[in-house]
Amino acid sequence: MIYDGDCNFCKFWVRRWQRATRGRVDYIPSQDPRVAKQFPELPRERFESSIQFIETDGRVYSGAEGVFRSLTYARYLSWPWWLYQHVPGVAPVTEWSYRFVAGHREGFSRLTRMVWGDF
């Protein structure tokens, strides 16, 4: 998973996902030079707008879809992916929510700190 390493909100959630996936997913900040070398086919703009989850077979998932797909590597957390794929309305609502949060990361960062504590 490639994420914005300059974003405290992103880093907070990545740390939570890292604990959940227990080494089954690699998390790399988009600012890491390895990203451009390993994934030259992905334009930089994609990393600036949302996370990018890249499977070993090269399939790329972005935004809420990427988060849910990555969580299939965590024990007991494959249900969001199932909902995303099978329940009408879940995909568009979660993608809209993802874009909204991404557009207001600073406010959601403060809210996250209030609810879960410091990063």
# chains A, B, ... in the order shown; residues from 1 in each chain; ligands from 1
>>> residues_around(residues="Trp81 (chain A)", least_positions_apart="2", cutoff="10 Å", atoms="only C-alpha atoms", output="PDB file with N, CA and C atoms, in the first residue's frame")
ATOM      1  N   ALA A  64     -11.287   3.873  -1.132  1.00  0.00           N
ATOM      2  CA  ALA A  64     -11.958   2.931  -0.229  1.00  0.00           C
ATOM      3  C   ALA A  64     -11.777   1.500  -0.712  1.00  0.00           C
ATOM      4  N   GLU A  65     -11.844   1.289  -2.002  1.00  0.00           N
ATOM      5  CA  GLU A  65     -11.648  -0.051  -2.540  1.00  0.00           C
ATOM      6  C   GLU A  65     -10.273  -0.586  -2.151  1.00  0.00           C
ATOM      7  N   GLY A  66      -9.251   0.253  -2.225  1.00  0.00           N
ATOM      8  CA  GLY A  66      -7.905  -0.155  -1.845  1.00  0.00           C
ATOM      9  C   GLY A  66      -7.790  -0.495  -0.378  1.00  0.00           C
ATOM     10  N   VAL A  67      -8.424   0.319   0.461  1.00  0.00           N
ATOM     11  CA  VAL A  67      -8.406   0.045   1.900  1.00  0.00           C
ATOM     12  C   VAL A  67      -9.069  -1.296   2.174  1.00  0.00           C
ATOM     13  N   PHE A  68     -10.264  -1.479   1.639  1.00  0.00           N
ATOM     14  CA  PHE A  68     -11.000  -2.722   1.908  1.00  0.00           C
ATOM     15  C   PHE A  68     -10.278  -3.939   1.357  1.00  0.00           C
ATOM     16  N   ARG A  69      -9.693  -3.794   0.178  1.00  0.00           N
ATOM     17  CA  ARG A  69      -8.952  -4.918  -0.398  1.00  0.00           C
ATOM     18  C   ARG A  69      -7.749  -5.267   0.475  1.00  0.00           C
ATOM     19  N   SER A  70      -7.044  -4.256   0.961  1.00  0.00           N
ATOM     20  CA  SER A  70      -5.874  -4.520   1.810  1.00  0.00           C
ATOM     21  C   SER A  70      -6.278  -5.207   3.111  1.00  0.00           C
ATOM     22  N   LEU A  71      -7.448  -4.876   3.625  1.00  0.00           N
ATOM     23  CA  LEU A  71      -7.882  -5.466   4.889  1.00  0.00           C
ATOM     24  C   LEU A  71      -8.262  -6.942   4.765  1.00  0.00           C
ATOM     25  N   THR A  72      -8.349  -7.454   3.542  1.00  0.00           N
ATOM     26  CA  THR A  72      -8.585  -8.895   3.395  1.00  0.00           C
ATOM     27  C   THR A  72      -7.377  -9.688   3.881  1.00  0.00           C
ATOM     28  N   LEU A  77     -11.119  -9.266   8.990  1.00  0.00           N
ATOM     29  CA  LEU A  77     -11.489  -7.978   8.413  1.00  0.00           C
ATOM     30  C   LEU A  77     -11.767  -8.041   6.914  1.00  0.00           C
ATOM     31  N   SER A  78     -12.156  -9.193   6.418  1.00  0.00           N
ATOM     32  CA  SER A  78     -12.485  -9.282   4.997  1.00  0.00           C
ATOM     33  C   SER A  78     -13.935  -8.883   4.725  1.00  0.00           C
ATOM     34  N   TRP A  79     -14.729  -8.733   5.769  1.00  0.00           N
ATOM     35  CA  TRP A  79     -16.136  -8.390   5.574  1.00  0.00           C
ATOM     36  C   TRP A  79     -16.360  -7.034   4.893  1.00  0.00           C
ATOM     37  N   LEU A  83     -18.757  -6.579   1.578  1.00  0.00           N
ATOM     38  CA  LEU A  83     -19.840  -5.588   1.486  1.00  0.00           C
ATOM     39  C   LEU A  83     -19.632  -4.682   0.277  1.00  0.00           C
ATOM     40  N   TYR A  84     -18.396  -4.229   0.090  1.00  0.00           N
ATOM     41  CA  TYR A  84     -18.070  -3.342  -1.024  1.00  0.00           C
ATOM     42  C   TYR A  84     -18.438  -3.993  -2.359  1.00  0.00           C
ATOM     43  N   GLN A  85     -18.149  -5.262  -2.474  1.00  0.00           N
ATOM     44  CA  GLN A  85     -18.394  -5.966  -3.732  1.00  0.00           C
ATOM     45  C   GLN A  85     -19.841  -6.410  -3.939  1.00  0.00           C
ATOM     46  N   HIS A  86     -20.579  -6.711  -2.868  1.00  0.00           N
ATOM     47  CA  HIS A  86     -21.863  -7.386  -3.011  1.00  0.00           C
ATOM     48  C   HIS A  86     -23.098  -6.608  -2.581  1.00  0.00           C
ATOM     49  N   VAL A  90     -22.957   0.299  -1.373  1.00  0.00           N
ATOM     50  CA  VAL A  90     -21.802   0.405  -0.476  1.00  0.00           C
ATOM     51  C   VAL A  90     -20.605   1.018  -1.200  1.00  0.00           C
ATOM     52  N   ALA A  91     -20.312   0.549  -2.401  1.00  0.00           N
ATOM     53  CA  ALA A  91     -19.140   1.066  -3.126  1.00  0.00           C
ATOM     54  C   ALA A  91     -19.247   2.575  -3.368  1.00  0.00           C
TER      55      ALA A  91
END
>>> closest_atom_pairs(of="region 69-104 of chain A", to="region 30-48 of chain A", cutoff="12 Å", atoms="only C-alpha atoms", output="tab-separated table")
residue	atom	partner	partner_atom	distance
A:Arg99	CA	A:Glu48	CA	11.7
A:Ala102	CA	A:Glu48	CA	9.7
A:Gly103	CA	A:Glu48	CA	10.8
>>> select_by_dssp(residues="chain A", states="strand (DSSP E)", output="list in words")
Ile2, Tyr3, Ile28, Pro29, Gln52, Phe53, Ile54, Val60, Tyr61 and Ser62 of chain A
>>> write_last_selection(atoms="N, CA and C atoms", output="mmCIF file, in the first residue's frame")
data_model
loop_
_atom_site.group_PDB
_atom_site.id
_atom_site.type_symbol
_atom_site.label_atom_id
_atom_site.label_comp_id
_atom_site.auth_asym_id
_atom_site.auth_seq_id
_atom_site.Cartn_x
_atom_site.Cartn_y
_atom_site.Cartn_z
ATOM 1 N N ILE A 2 0.571 2.147 -0.870
ATOM 2 C CA ILE A 2 1.294 3.399 -0.952
ATOM 3 C C ILE A 2 0.365 4.486 -0.425
ATOM 4 N N TYR A 3 0.892 5.292 0.497
ATOM 5 C CA TYR A 3 0.083 6.304 1.171
ATOM 6 C C TYR A 3 0.885 7.595 1.303
ATOM 7 N N ILE A 28 4.252 1.731 2.140
ATOM 8 C CA ILE A 28 5.349 2.590 1.701
ATOM 9 C C ILE A 28 4.801 4.001 1.499
ATOM 10 N N PRO A 29 5.449 5.009 2.120
ATOM 11 C CA PRO A 29 5.009 6.383 1.864
ATOM 12 C C PRO A 29 5.255 6.754 0.407
ATOM 13 N N GLN A 52 -2.952 3.814 -2.745
ATOM 14 C CA GLN A 52 -2.896 2.877 -3.865
ATOM 15 C C GLN A 52 -2.481 1.529 -3.293
ATOM 16 N N PHE A 53 -3.351 0.555 -3.426
ATOM 17 C CA PHE A 53 -3.019 -0.785 -2.961
ATOM 18 C C PHE A 53 -2.708 -1.611 -4.198
ATOM 19 N N ILE A 54 -1.493 -2.134 -4.255
ATOM 20 C CA ILE A 54 -1.031 -2.859 -5.434
ATOM 21 C C ILE A 54 -0.793 -4.308 -5.054
ATOM 22 N N VAL A 60 -4.270 -2.846 -9.270
ATOM 23 C CA VAL A 60 -4.195 -1.656 -8.431
ATOM 24 C C VAL A 60 -5.601 -1.282 -7.974
ATOM 25 N N TYR A 61 -5.723 -1.025 -6.686
ATOM 26 C CA TYR A 61 -6.979 -0.590 -6.078
ATOM 27 C C TYR A 61 -6.714 0.739 -5.383
ATOM 28 N N SER A 62 -7.629 1.682 -5.534
ATOM 29 C CA SER A 62 -7.451 3.016 -4.953
ATOM 30 C C SER A 62 -8.587 3.338 -4.000
#
>>> select_by_dssp(residues="chain A", states="alpha helix (DSSP H)", output="ChimeraX atom specification")
/A:8-21,33-38,44-49,63-70,79-86,90-103,105-116
>>> write_last_selection(atoms="C-alpha atoms", output="compact mmCIF listing (two decimals), in the first residue's frame")
# COMPACT_ATOMS: atom_id res chain seq x y z
CA ASN A 8 -0.69 12.56 9.98
CA PHE A 9 -4.21 11.25 9.42
CA CYS A 10 -2.92 8.78 6.83
CA LYS A 11 -0.01 7.69 9.02
CA PHE A 12 -2.35 7.08 11.97
CA TRP A 13 -4.61 4.77 9.96
CA VAL A 14 -1.70 3.04 8.24
CA ARG A 15 -0.27 2.15 11.66
CA ARG A 16 -3.61 0.61 12.64
CA TRP A 17 -3.80 -1.33 9.37
CA GLN A 18 -0.20 -2.51 9.81
CA ARG A 19 -1.10 -4.03 13.16
CA ALA A 20 -4.17 -5.67 11.65
CA THR A 21 -2.41 -7.12 8.59
CA PRO A 33 12.08 7.03 -3.91
CA ARG A 34 11.34 3.31 -4.34
CA VAL A 35 7.77 4.14 -5.37
CA ALA A 36 8.73 5.92 -8.60
CA LYS A 37 11.22 3.16 -9.45
CA GLN A 38 8.91 0.23 -8.68
CA ARG A 44 2.29 10.79 -9.20
CA GLU A 45 -1.18 12.40 -9.08
CA ARG A 46 -2.73 9.06 -8.12
CA PHE A 47 -0.68 8.99 -4.93
CA GLU A 48 -1.69 12.55 -4.09
CA SER A 49 -5.42 11.84 -4.26
CA GLY A 63 -9.41 4.84 -2.29
CA ALA A 64 -11.96 2.93 -0.23
CA GLU A 65 -11.65 -0.05 -2.54
CA GLY A 66 -7.90 -0.16 -1.84
CA VAL A 67 -8.41 0.04 1.90
CA PHE A 68 -11.00 -2.72 1.91
CA ARG A 69 -8.95 -4.92 -0.40
CA SER A 70 -5.87 -4.52 1.81
CA TRP A 79 -16.14 -8.39 5.57
CA PRO A 80 -15.77 -4.74 4.38
CA TRP A 81 -14.44 -6.03 1.04
CA TRP A 82 -17.37 -8.42 0.77
CA LEU A 83 -19.84 -5.59 1.49
CA TYR A 84 -18.07 -3.34 -1.02
CA GLN A 85 -18.39 -5.97 -3.73
CA HIS A 86 -21.86 -7.39 -3.01
CA VAL A 90 -21.80 0.41 -0.48
CA ALA A 91 -19.14 1.07 -3.13
CA PRO A 92 -20.37 4.53 -4.19
CA VAL A 93 -21.10 5.64 -0.62
CA THR A 94 -17.71 4.52 0.70
CA GLU A 95 -15.86 6.04 -2.27
CA TRP A 96 -17.69 9.35 -1.77
CA SER A 97 -16.87 9.19 1.95
CA TYR A 98 -13.23 8.44 1.20
CA ARG A 99 -12.98 11.44 -1.15
CA PHE A 100 -14.71 13.68 1.39
CA VAL A 101 -12.35 12.66 4.20
CA ALA A 102 -9.32 12.95 1.89
CA GLY A 103 -10.41 16.48 1.01
CA ARG A 105 -7.81 15.48 6.19
CA GLU A 106 -6.77 18.18 8.63
CA GLY A 107 -10.20 18.30 10.27
CA PHE A 108 -10.47 14.52 10.33
CA SER A 109 -6.95 14.36 11.74
CA ARG A 110 -8.10 16.51 14.69
CA LEU A 111 -11.22 14.39 15.11
CA THR A 112 -9.15 11.20 15.06
CA ARG A 113 -6.85 12.57 17.77
CA MET A 114 -9.87 13.46 19.89
CA VAL A 115 -11.36 9.97 19.57
CA TRP A 116 -8.25 7.73 19.51
